[in-house]
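Below is the file target_20.tsv, which contains TSV, C-alpha atoms.
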chain	number	residue	atom	x	y	z
Z	1	MET	CA	34.16	23.37	-14.50
Z	2	ALA	CA	34.26	25.28	-17.80
Z	3	LYS	CA	35.96	23.57	-20.69
Z	4	ARG	CA	39.18	25.03	-22.12
Z	5	LYS	CA	38.37	26.59	-25.49
Z	6	ILE	CA	40.86	25.54	-28.19
Z	7	CYS	CA	40.53	27.47	-31.44
Z	8	VAL	CA	42.02	25.65	-34.46
Z	9	VAL	CA	42.81	27.57	-37.65
Z	10	THR	CA	43.04	25.82	-41.01
Z	11	GLY	CA	43.71	27.39	-44.39
Z	12	THR	CA	44.61	24.62	-46.86
Z	13	ARG	CA	43.47	21.15	-47.89
Z	14	ALA	CA	46.78	19.53	-46.91
Z	15	GLU	CA	46.89	21.23	-43.52
Z	16	TYR	CA	43.33	20.19	-42.69
Z	17	GLY	CA	44.22	16.61	-43.55
Z	18	LEU	CA	47.02	16.77	-40.99
Z	19	LEU	CA	44.86	18.48	-38.35
Z	20	ARG	CA	41.81	16.29	-38.85
Z	21	TRP	CA	42.47	13.85	-36.00
Z	22	VAL	CA	43.54	16.63	-33.63
Z	23	ILE	CA	40.29	18.46	-34.38
Z	24	ASP	CA	38.34	15.25	-33.82
Z	25	GLY	CA	40.14	14.63	-30.53
Z	26	ILE	CA	39.44	18.13	-29.23
Z	27	ALA	CA	35.75	17.76	-30.14
Z	28	LYS	CA	35.55	14.49	-28.17
Z	29	SER	CA	37.59	15.62	-25.15
Z	30	PRO	CA	35.71	15.94	-21.84
Z	31	VAL	CA	37.76	19.00	-20.86
Z	32	LEU	CA	38.30	20.80	-24.20
Z	33	GLU	CA	35.87	22.76	-26.35
Z	34	LEU	CA	36.55	22.98	-30.08
Z	35	GLN	CA	36.39	26.24	-31.98
Z	36	LEU	CA	37.19	26.15	-35.68
Z	37	ILE	CA	38.19	28.91	-38.10
Z	38	ALA	CA	38.43	28.22	-41.85
Z	39	THR	CA	40.36	30.63	-44.03
Z	40	GLY	CA	42.59	30.95	-47.10
Z	41	MET	CA	42.29	28.34	-49.84
Z	42	HIS	CA	39.41	26.58	-48.08
Z	43	LEU	CA	37.10	29.44	-49.05
Z	44	SER	CA	38.27	29.78	-52.66
Z	45	PRO	CA	36.42	28.09	-55.58
Z	46	GLU	CA	39.70	28.33	-57.53
Z	47	PHE	CA	41.27	25.89	-55.08
Z	48	GLY	CA	38.32	23.53	-54.79
Z	49	LEU	CA	36.27	25.23	-52.03
Z	50	THR	CA	37.60	22.66	-49.59
Z	51	VAL	CA	35.66	24.15	-46.69
Z	52	GLN	CA	33.03	21.64	-47.83
Z	53	GLU	CA	35.31	18.78	-46.71
Z	54	ILE	CA	35.40	20.18	-43.18
Z	55	GLU	CA	31.61	20.53	-43.15
Z	56	ALA	CA	31.27	16.96	-44.48
Z	57	ASP	CA	33.18	15.77	-41.39
Z	58	SER	CA	30.34	17.25	-39.28
Z	59	HIS	CA	32.50	19.86	-37.59
Z	60	ARG	CA	30.89	23.25	-37.02
Z	61	ILE	CA	32.93	26.10	-38.46
Z	62	ASP	CA	32.69	28.94	-35.98
Z	63	ARG	CA	34.13	31.62	-38.25
Z	64	LYS	CA	35.19	31.97	-41.87
Z	65	VAL	CA	37.95	34.51	-42.44
Z	66	GLU	CA	38.01	35.61	-46.07
Z	67	MET	CA	41.49	36.85	-46.93
Z	68	LEU	CA	42.72	35.38	-50.21
Z	69	LEU	CA	42.93	37.85	-53.08
Z	70	SER	CA	42.83	36.48	-56.62
Z	71	SER	CA	46.50	37.29	-57.11
Z	72	ASP	CA	49.72	35.32	-56.79
Z	73	THR	CA	52.06	38.34	-56.90
Z	74	PRO	CA	54.11	39.43	-53.87
Z	75	VAL	CA	51.84	42.47	-53.54
Z	76	GLY	CA	48.73	40.30	-53.67
Z	77	ILE	CA	50.03	37.83	-51.08
Z	78	THR	CA	51.06	40.67	-48.76
Z	79	LYS	CA	47.63	42.31	-49.05
Z	80	SER	CA	46.01	38.93	-48.32
Z	81	MET	CA	48.04	38.77	-45.10
Z	82	GLY	CA	46.77	42.21	-44.14
Z	83	LEU	CA	43.16	41.20	-44.77
Z	84	GLY	CA	43.77	38.08	-42.73
Z	85	MET	CA	44.99	40.01	-39.70
Z	86	ILE	CA	41.87	42.20	-39.83
Z	87	GLY	CA	39.59	39.18	-40.10
Z	88	PHE	CA	41.34	37.20	-37.36
Z	89	ALA	CA	41.27	40.20	-35.02
Z	90	ASP	CA	37.48	40.28	-35.27
Z	91	ALA	CA	37.05	36.50	-35.10
Z	92	LEU	CA	39.25	36.08	-32.01
Z	93	ALA	CA	37.59	39.01	-30.25
Z	94	GLU	CA	34.24	37.29	-30.74
Z	95	LEU	CA	35.33	33.72	-29.90
Z	96	GLN	CA	37.63	34.55	-26.94
Z	97	PRO	CA	39.53	31.21	-27.05
Z	98	ASP	CA	41.80	30.07	-24.25
Z	99	LEU	CA	44.38	28.92	-26.80
Z	100	LEU	CA	44.88	29.25	-30.55
Z	101	LEU	CA	46.21	26.06	-32.17
Z	102	VAL	CA	48.00	26.40	-35.53
Z	103	LEU	CA	50.11	24.20	-37.76
Z	104	GLY	CA	53.12	25.09	-39.82
Z	105	ASP	CA	54.32	28.04	-41.72
Z	106	ARG	CA	51.99	29.55	-44.31
Z	107	PHE	CA	51.13	33.24	-44.55
Z	108	GLU	CA	47.53	32.62	-43.46
Z	109	ILE	CA	48.80	31.10	-40.22
Z	110	PHE	CA	51.22	33.98	-39.66
Z	111	ALA	CA	48.28	36.40	-39.85
Z	112	ALA	CA	46.29	34.33	-37.34
Z	113	ALA	CA	49.20	34.00	-34.90
Z	114	SER	CA	49.98	37.73	-35.10
Z	115	ALA	CA	46.40	38.64	-34.26
Z	116	ALA	CA	46.36	36.18	-31.34
Z	117	MET	CA	49.64	37.50	-29.97
Z	118	ILE	CA	48.32	41.08	-29.89
Z	119	ALA	CA	45.08	39.85	-28.31
Z	120	ARG	CA	47.09	38.06	-25.56
Z	121	ILE	CA	45.76	34.66	-26.55
Z	122	PRO	CA	48.27	31.82	-25.95
Z	123	ILE	CA	49.34	29.93	-29.07
Z	124	GLY	CA	50.08	26.24	-29.56
Z	125	HIS	CA	52.26	25.60	-32.60
Z	126	ILE	CA	52.53	22.26	-34.44
Z	127	HIS	CA	55.46	21.27	-36.69
Z	128	GLY	CA	57.80	24.03	-35.59
Z	129	GLY	CA	61.59	23.81	-35.75
Z	130	GLU	CA	61.65	22.43	-39.29
Z	131	ALA	CA	63.68	23.85	-42.15
Z	132	THR	CA	62.60	24.64	-45.72
Z	133	GLU	CA	65.39	26.85	-46.94
Z	134	GLY	CA	63.85	27.61	-50.33
Z	135	LEU	CA	60.68	29.19	-48.96
Z	136	ILE	CA	59.37	32.27	-47.19
Z	137	ASP	CA	57.73	29.64	-44.97
Z	138	GLU	CA	61.12	29.16	-43.29
Z	139	SER	CA	61.04	32.64	-41.71
Z	140	ILE	CA	57.30	32.48	-41.05
Z	141	ARG	CA	57.62	29.16	-39.20
Z	142	HIS	CA	60.36	30.42	-36.87
Z	143	SER	CA	58.46	33.68	-36.29
Z	144	ILE	CA	55.37	31.73	-35.21
Z	145	THR	CA	57.61	29.71	-32.86
Z	146	LYS	CA	58.61	32.92	-31.08
Z	147	MET	CA	54.96	33.97	-30.73
Z	148	SER	CA	53.91	30.58	-29.34
Z	149	HIS	CA	53.68	29.14	-25.84
Z	150	LEU	CA	53.33	25.41	-26.50
Z	151	HIS	CA	55.31	23.61	-29.18
Z	152	PHE	CA	54.45	20.23	-30.73
Z	153	VAL	CA	57.37	19.15	-32.90
Z	154	ALA	CA	57.81	16.14	-35.18
Z	155	ALA	CA	61.35	14.97	-34.36
Z	156	HIS	CA	64.13	15.26	-31.79
Z	157	GLU	CA	66.21	17.48	-34.10
Z	158	TYR	CA	63.29	19.89	-34.44
Z	159	ARG	CA	62.79	20.00	-30.68
Z	160	GLN	CA	66.44	21.00	-30.29
Z	161	ARG	CA	66.03	23.74	-32.87
Z	162	VAL	CA	62.98	25.24	-31.13
Z	163	ILE	CA	64.94	25.23	-27.87
Z	164	GLN	CA	67.84	26.86	-29.72
Z	165	LEU	CA	65.40	29.64	-30.63
Z	166	GLY	CA	65.09	30.32	-26.91
Z	167	GLU	CA	61.94	28.40	-26.02
Z	168	ASP	CA	61.52	26.70	-22.63
Z	169	PRO	CA	62.31	22.95	-23.03
Z	170	ASP	CA	59.43	22.12	-20.65
Z	171	ARG	CA	57.01	23.50	-23.26
Z	172	VAL	CA	58.51	21.79	-26.32
Z	173	PHE	CA	57.02	18.33	-26.93
Z	174	ASN	CA	58.28	15.82	-29.50
Z	175	VAL	CA	55.04	14.15	-30.63
Z	176	GLY	CA	56.03	12.99	-34.12
Z	177	GLY	CA	54.51	13.92	-37.46
Z	178	LEU	CA	50.76	14.30	-37.93
Z	179	GLY	CA	50.92	12.91	-41.46
Z	180	VAL	CA	51.93	9.50	-40.15
Z	181	ASP	CA	48.79	9.46	-37.99
Z	182	SER	CA	46.52	9.73	-41.01
Z	183	ILE	CA	48.22	6.82	-42.72
Z	184	MET	CA	47.75	4.69	-39.63
Z	185	ARG	CA	44.11	5.70	-39.04
Z	186	LEU	CA	42.60	5.87	-42.52
Z	187	ASP	CA	41.21	2.84	-44.32
Z	188	LEU	CA	42.79	3.50	-47.71
Z	189	LEU	CA	40.91	2.74	-50.91
Z	190	SER	CA	41.53	-0.36	-53.00
Z	191	ARG	CA	43.07	0.22	-56.41
Z	192	HIS	CA	39.72	-0.41	-58.11
Z	193	GLU	CA	37.90	1.97	-55.74
Z	194	LEU	CA	40.56	4.63	-56.29
Z	195	GLU	CA	40.43	4.40	-60.09
Z	196	ALA	CA	36.64	4.71	-60.01
Z	197	SER	CA	36.77	7.62	-57.56
Z	198	ILE	CA	39.23	9.73	-59.54
Z	199	GLY	CA	38.23	8.62	-63.03
Z	200	PHE	CA	41.73	7.53	-63.97
Z	201	GLN	CA	42.96	4.17	-65.25
Z	202	PHE	CA	46.37	3.22	-63.88
Z	203	LEU	CA	49.01	2.14	-66.40
Z	204	SER	CA	51.95	-0.25	-65.99
Z	205	ARG	CA	53.79	2.50	-64.10
Z	206	ASN	CA	52.31	5.56	-62.39
Z	207	LEU	CA	53.54	8.75	-60.74
Z	208	LEU	CA	51.87	11.20	-58.34
Z	209	ILE	CA	53.18	14.71	-59.01
Z	210	THR	CA	52.89	17.89	-56.95
Z	211	PHE	CA	55.08	20.89	-57.74
Z	212	HIS	CA	54.87	24.19	-55.84
Z	213	PRO	CA	56.72	27.48	-56.40
Z	214	VAL	CA	60.05	27.94	-54.63
Z	215	THR	CA	59.03	31.23	-53.05
Z	216	LEU	CA	62.51	32.54	-52.16
Z	217	GLU	CA	63.60	32.28	-55.79
Z	218	LYS	CA	62.71	34.96	-58.35
Z	219	ASN	CA	61.34	34.03	-61.75
Z	220	THR	CA	62.25	30.32	-61.59
Z	221	SER	CA	58.74	28.85	-61.64
Z	222	VAL	CA	58.25	28.79	-65.41
Z	223	ASN	CA	61.62	27.22	-66.17
Z	224	GLN	CA	61.35	24.63	-63.40
Z	225	ILE	CA	57.86	23.44	-64.31
Z	226	ASN	CA	58.91	23.25	-67.98
Z	227	GLN	CA	61.93	21.13	-67.03
Z	228	LEU	CA	59.71	18.79	-64.99
Z	229	LEU	CA	57.10	18.46	-67.74
Z	230	ASN	CA	59.83	17.81	-70.31
Z	231	ALA	CA	61.13	14.97	-68.15
Z	232	LEU	CA	57.67	13.47	-67.69
Z	233	SER	CA	57.00	13.59	-71.44
Z	234	GLU	CA	59.98	11.26	-71.97
Z	235	LEU	CA	58.38	8.44	-69.96
Z	236	GLN	CA	56.62	5.62	-71.76
Z	237	ASP	CA	53.42	3.87	-70.59
Z	238	THR	CA	53.36	5.89	-67.37
Z	239	GLY	CA	50.23	7.30	-65.77
Z	240	LEU	CA	50.67	10.85	-64.46
Z	241	ILE	CA	48.45	12.09	-61.63
Z	242	PHE	CA	48.92	15.78	-60.81
Z	243	THR	CA	47.71	17.65	-57.74
Z	244	MET	CA	47.63	21.41	-58.11
Z	245	PRO	CA	49.97	23.89	-56.39
Z	246	ASN	CA	49.07	26.00	-53.37
Z	247	ALA	CA	48.13	29.68	-53.36
Z	248	ASP	CA	51.76	30.83	-53.29
Z	249	THR	CA	53.66	33.52	-55.17
Z	250	ASP	CA	53.81	32.57	-58.88
Z	251	GLY	CA	51.57	29.55	-58.33
Z	252	ARG	CA	49.18	30.37	-61.16
Z	253	ILE	CA	51.70	29.85	-63.96
Z	254	LEU	CA	52.39	26.35	-62.64
Z	255	LEU	CA	48.68	25.58	-62.65
Z	256	GLU	CA	48.31	26.78	-66.25
Z	257	ARG	CA	51.28	24.74	-67.49
Z	258	VAL	CA	50.08	21.56	-65.82
Z	259	GLN	CA	46.55	21.97	-67.18
Z	260	GLY	CA	47.92	22.54	-70.70
Z	261	PHE	CA	50.16	19.48	-70.42
Z	262	CYS	CA	47.29	17.25	-69.31
Z	263	LYS	CA	44.94	18.43	-72.08
Z	264	GLU	CA	47.40	17.13	-74.67
Z	265	ARG	CA	47.78	13.65	-73.14
Z	266	THR	CA	45.50	10.76	-72.30
Z	267	ASN	CA	47.91	9.40	-69.67
Z	268	ALA	CA	47.86	12.56	-67.51
Z	269	LYS	CA	45.17	14.12	-65.35
Z	270	ALA	CA	45.20	17.07	-62.93
Z	271	TYR	CA	43.14	17.43	-59.76
Z	272	THR	CA	42.43	20.63	-57.87
Z	273	ASN	CA	41.83	18.63	-54.72
Z	274	LEU	CA	42.09	14.88	-54.20
Z	275	GLY	CA	41.42	15.03	-50.47
Z	276	GLN	CA	43.57	13.16	-47.99
Z	277	LEU	CA	41.98	9.73	-48.41
Z	278	ARG	CA	42.37	9.67	-52.18
Z	279	TYR	CA	45.80	11.32	-52.05
Z	280	LEU	CA	47.24	8.75	-49.64
Z	281	SER	CA	45.52	5.97	-51.57
Z	282	CYS	CA	47.29	7.25	-54.69
Z	283	VAL	CA	50.61	7.10	-52.85
Z	284	ARG	CA	49.93	3.47	-52.02
Z	285	TYR	CA	49.50	2.46	-55.68
Z	286	VAL	CA	51.88	4.70	-57.63
Z	287	ASP	CA	55.49	3.77	-58.29
Z	288	ALA	CA	56.85	7.09	-56.99
Z	289	VAL	CA	55.87	10.55	-55.77
Z	290	VAL	CA	57.51	13.38	-57.73
Z	291	GLY	CA	57.80	17.10	-57.02
Z	292	ASN	CA	58.66	19.31	-54.08
Z	293	SER	CA	55.80	18.87	-51.60
Z	294	SER	CA	56.56	18.29	-47.91
Z	295	SER	CA	54.34	15.21	-48.08
Z	296	GLY	CA	57.03	13.42	-50.06
Z	297	LEU	CA	59.32	13.66	-47.03
Z	298	THR	CA	56.91	13.49	-44.09
Z	299	GLU	CA	54.24	11.00	-45.21
Z	300	VAL	CA	55.31	9.00	-48.26
Z	301	PRO	CA	58.17	7.13	-46.49
Z	302	SER	CA	55.61	5.51	-44.16
Z	303	LEU	CA	54.06	3.84	-47.20
Z	304	GLN	CA	57.53	2.72	-48.34
Z	305	LYS	CA	57.34	4.50	-51.67
Z	306	PRO	CA	60.09	6.50	-53.41
Z	307	THR	CA	60.08	10.28	-53.42
Z	308	VAL	CA	61.80	12.23	-56.20
Z	309	ASN	CA	62.42	15.55	-54.43
Z	310	ILE	CA	63.13	18.35	-56.92
Z	311	GLY	CA	65.16	21.46	-56.14
Z	312	ASP	CA	65.46	23.51	-52.96
Z	313	ARG	CA	61.89	23.93	-51.70
Z	314	GLN	CA	62.35	21.26	-49.01
Z	315	ARG	CA	66.09	21.76	-48.47
Z	316	GLY	CA	66.87	21.36	-44.76
Z	317	ARG	CA	64.13	18.87	-43.83
Z	318	LEU	CA	64.90	15.44	-42.37
Z	319	LYS	CA	64.78	12.82	-45.13
Z	320	ALA	CA	64.28	9.06	-45.19
Z	321	SER	CA	66.42	6.78	-47.36
Z	322	SER	CA	63.48	6.57	-49.80
Z	323	VAL	CA	63.96	10.22	-50.84
Z	324	LEU	CA	65.97	10.91	-54.01
Z	325	ASP	CA	67.09	14.53	-54.34
Z	326	CYS	CA	67.62	16.01	-57.80
Z	327	GLU	CA	68.22	19.34	-59.49
Z	328	PRO	CA	65.30	21.13	-61.20
Z	329	ASN	CA	66.43	20.21	-64.71
Z	330	THR	CA	65.14	17.60	-67.12
Z	331	LEU	CA	68.18	15.30	-67.06
Z	332	SER	CA	68.49	15.21	-63.28
Z	333	ILE	CA	64.75	14.64	-62.81
Z	334	LEU	CA	64.73	11.81	-65.35
Z	335	GLU	CA	67.73	10.15	-63.73
Z	336	ALA	CA	66.06	10.28	-60.31
Z	337	ILE	CA	62.76	8.89	-61.63
Z	338	ARG	CA	64.53	6.03	-63.39
Z	339	ARG	CA	66.53	5.35	-60.23
Z	340	SER	CA	63.25	5.14	-58.28
Z	341	PHE	CA	62.02	2.48	-60.74
Z	342	SER	CA	65.17	0.35	-60.44
Z	343	SER	CA	64.86	-3.05	-58.79
Z	344	ASP	CA	67.67	-2.45	-56.28
Z	345	PHE	CA	66.10	0.81	-55.07
Z	346	VAL	CA	62.63	-0.74	-54.86
Z	347	CYS	CA	64.09	-3.62	-52.84
Z	348	GLN	CA	65.65	-1.31	-50.24
Z	349	LEU	CA	62.32	0.48	-49.69
Z	350	LYS	CA	61.24	-2.42	-47.46
Z	351	THR	CA	63.58	-1.14	-44.73
Z	352	THR	CA	62.56	2.54	-44.98
Z	353	GLN	CA	62.21	4.27	-41.61
Z	354	ASN	CA	60.22	7.51	-41.49
Z	355	PRO	CA	62.14	10.11	-39.41
Z	356	TYR	CA	58.76	11.63	-38.48
Z	357	GLY	CA	57.82	8.67	-36.29
Z	358	ASN	CA	55.33	5.84	-36.24
Z	359	GLY	CA	52.08	7.61	-35.38
Z	360	GLY	CA	50.40	8.83	-32.21
Z	361	ALA	CA	51.01	12.57	-32.64
Z	362	SER	CA	47.31	13.53	-32.51
Z	363	THR	CA	46.72	11.69	-29.24
Z	364	ALA	CA	49.87	13.17	-27.71
Z	365	ILE	CA	48.81	16.71	-28.64
Z	366	ILE	CA	45.34	16.24	-27.14
Z	367	ARG	CA	46.82	14.96	-23.87
Z	368	LYS	CA	49.15	17.95	-23.59
Z	369	LEU	CA	46.32	20.37	-24.35
Z	370	GLU	CA	44.27	18.74	-21.60
Z	371	ASP	CA	47.04	18.57	-19.00
Z	372	THR	CA	49.32	21.58	-19.53
Z	373	THR	CA	48.63	24.68	-17.47
Z	374	ILE	CA	48.17	27.84	-19.51
Z	375	ASP	CA	47.97	31.05	-17.50
Z	376	THR	CA	48.80	34.73	-17.78
Z	377	ASP	CA	52.42	34.03	-16.82
Z	378	SER	CA	52.76	32.19	-20.13
Z	379	PHE	CA	52.90	35.51	-21.94
Z	380	LYS	CA	56.05	36.60	-20.13
Z	381	LYS	CA	58.54	34.22	-21.70
Z	382	SER	CA	62.15	34.22	-20.62
Z	383	PHE	CA	64.63	33.50	-23.40
Z	384	PHE	CA	66.11	30.07	-22.72
Z	385	ASP	CA	69.84	30.37	-23.29
Z	386	LEU	CA	71.82	27.31	-24.28
Z	387	PRO	CA	74.90	26.53	-22.16
Z	388	ALA	CA	78.05	28.26	-23.34
Z	389	GLN	CA	80.23	26.09	-25.56
Show how you would write the structure in this file as structure tokens.
Amino acid sequence: MAKRKICVVTGTRAEYGLLRWVIDGIAKSPVLELQLIATGMHLSPEFGLTVQEIEADSHRIDRKVEMLLSSDTPVGITKSMGLGMIGFADALAELQPDLLLVLGDRFEIFAAASAAMIARIPIGHIHGGEATEGLIDESIRHSITKMSHLHFVAAHEYRQRVIQLGEDPDRVFNVGGLGVDSIMRLDLLSRHELEASIGFQFLSRNLLITFHPVTLEKNTSVNQINQLLNALSELQDTGLIFTMPNADTDGRILLERVQGFCKERTNAKAYTNLGQLRYLSCVRYVDAVVGNSSSGLTEVPSLQKPTVNIGDRQRGRLKASSVLDCEPNTLSILEAIRRSFSSDFVCQLKTTQNPYGNGGASTAIIRKLEDTTIDTDSFKKSFFDLPAQ
């Protein structure tokens, strides 16, 4: 019996970290055959050429879809999406997968899903139903949900939202968050190993900072990163570990400001790509995670660390009690950071429950991919109407 060909698309370092155990499970399955497409930031030297991480994990990359223009303007991002659709059309025509498996909400994934939909290739979508009201990702995520045939969501509330979008409840599976899986499976570095690996000496207090553009806001990136950097400059004897922003609209100005900030200080260092092992190891040893990355909400609570969540980028996501929301201004950010350091807040972290589950998402996804029937009838989806109120 021929194996079912599952084609996984990955475009960013963070996304690959989440997909890693799913990819590994597909490769080891007796009934599934792995196909792998790398695209987007993975193929860009500017963002660390992280395709090398995939190759280091001994997975064969079946196709590389070059699509990322060296531009962070709306025009540049839109043209990158167009190039992506052309590249994915060719790649999928050659690979002929039985199902395309994608995660999340970025423009690279929208291009891949669009090409698969036109090619009549069923789509499995991971982490649908979530809300990020400050981003274009919000609309992209829900659009991919409507193109998809199998849905692997991270929480009960997200399952209900996908069903609310008209998807058949029998094809919407609450498997939990993939980020929690990595925490449970990886053997994180010791503090000494981590310091040696990243070339950074921890101080008495330390922060891990990631700040991305809020893509549904116009011309706010410069002011918001300046407000954050002003707040960080007020802290004494605090090590500052920055990870760089994604290839989003207006992302380059953030990168330049962070690099300039770090050049002027011995207590701050910026990394294009830490990789998942070093990133999660950093979370383990810092006093708080600061910024507006989804990781602060989906992964960090499992390590019982505080998250200072700035602004609206993640507005709408489920949040653990360890998450401190603040406005994107210096005073509010400083207050939240100082609150995260306080003894009473640190004490309550011991009871933190991650709303994205306790692990096992990767295994659950593999089982569903192995067991769920996917046939030509899957393309003709009836809109599932909720009962009248």
Return as AutoDock Vina command-line options the box centre and box size in Å, one decimal, for an axis-aligned box around all listed atoms of segment 169-172 of chain Z padded by 8 Å per side.
--center_x 59.7 --center_y 22.6 --center_z -23.5 --size_x 21.3 --size_y 17.7 --size_z 21.7
Residue neighbourhood Val153 of chain Z, 9 Å, all atoms listed in the file, exclusion window fewer than 4 positions, as a list in words: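 Those residues are His125, Ile126, His127, Gly128, Gly129, Glu130, Tyr158, Arg159, Val162, Val172, Phe173, Asn174, Val175, Gly176 and Gly177 of chain Z.
Near Leu101 of chain Z, within a cut-off of 7 Å and counting all atoms listed in the file, sit the residues Ile6, Cys7, Val8, Val9, Ile123, Gly124 and His125 of chain Z, with same-chain residues fewer than 5 positions away left out.
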Atom CA of Ile140 of chain Z to atom CA of Asp105 of chain Z, distance in Å rounded to a single decimal: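 Interatomic distance, atom CA of Ile140 of chain Z to atom CA of Asp105 of chain Z: 5.4 Å.
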All residues 9 Å or closer to segment 350-359 of chain Z, only C-alpha atoms, same chain fewer than 4 positions away omitted, as a list in words: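 Using only C-alpha atoms, the neighbours found are Ala154, Ala155, Val175, Gly176, Gly177, Leu178, Gly179, Val180, Asp181, Ser182, Ile183, Met184, Arg185, Leu297, Thr298, Glu299, Val300, Pro301, Ser302, Leu303, Gln304, Lys305, Leu318, Lys319, Ala320, Ser321, Ser322 and Val346 of chain Z.
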Radius query 9 Å about (68.1, 20.2, -66.5), atoms used: all atoms listed in the file, as a list in words: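 Residues with an atom at most 9 Å from (68.1, 20.2, -66.5): Gln224, Gln227, Leu228, Ala231, Glu327, Pro328, Asn329, Thr330, Leu331, Ser332 and Ile333 of chain Z.
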Atom CA of Asp312 of chain Z to atom CA of Ala113 of chain Z, straight-line distance in Å: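 Distance reported for this atom pair: 26.5 Å.
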Å distance separating atom CA of Gln236 of chain Z from atom CA of Gly260 of chain Z, one decimal place: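 Computing the Euclidean distance for atom CA of Gln236 of chain Z and atom CA of Gly260 of chain Z yields 19.1 Å.
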Spatial neighbours of Gly87 of chain Z, max dist 8 Å, all atoms listed in the file, sep filter under 5 positions, as a ChimeraX atom specification: /Z:65-67
Proximity to His42 of chain Z - best of Z:Glu264, Z:Asp57, Z:Asp371, Z:Glu108, all atoms listed in the file: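 Closest residue, counting all atoms listed in the file: Z:Glu108.
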Nearest to Arg313 of chain Z by atom-to-atom distance, counting all atoms listed in the file, from Z:Arg339, Z:His212, Z:Lys263, Z:Arg120: Z:His212
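Candidate residues Z:Leu103, Z:Val289, Z:Ala112, Z:Leu255 were compared for distance to Ile86 of chain Z, and the nearest is Z:Ala112, using all atoms listed in the file.
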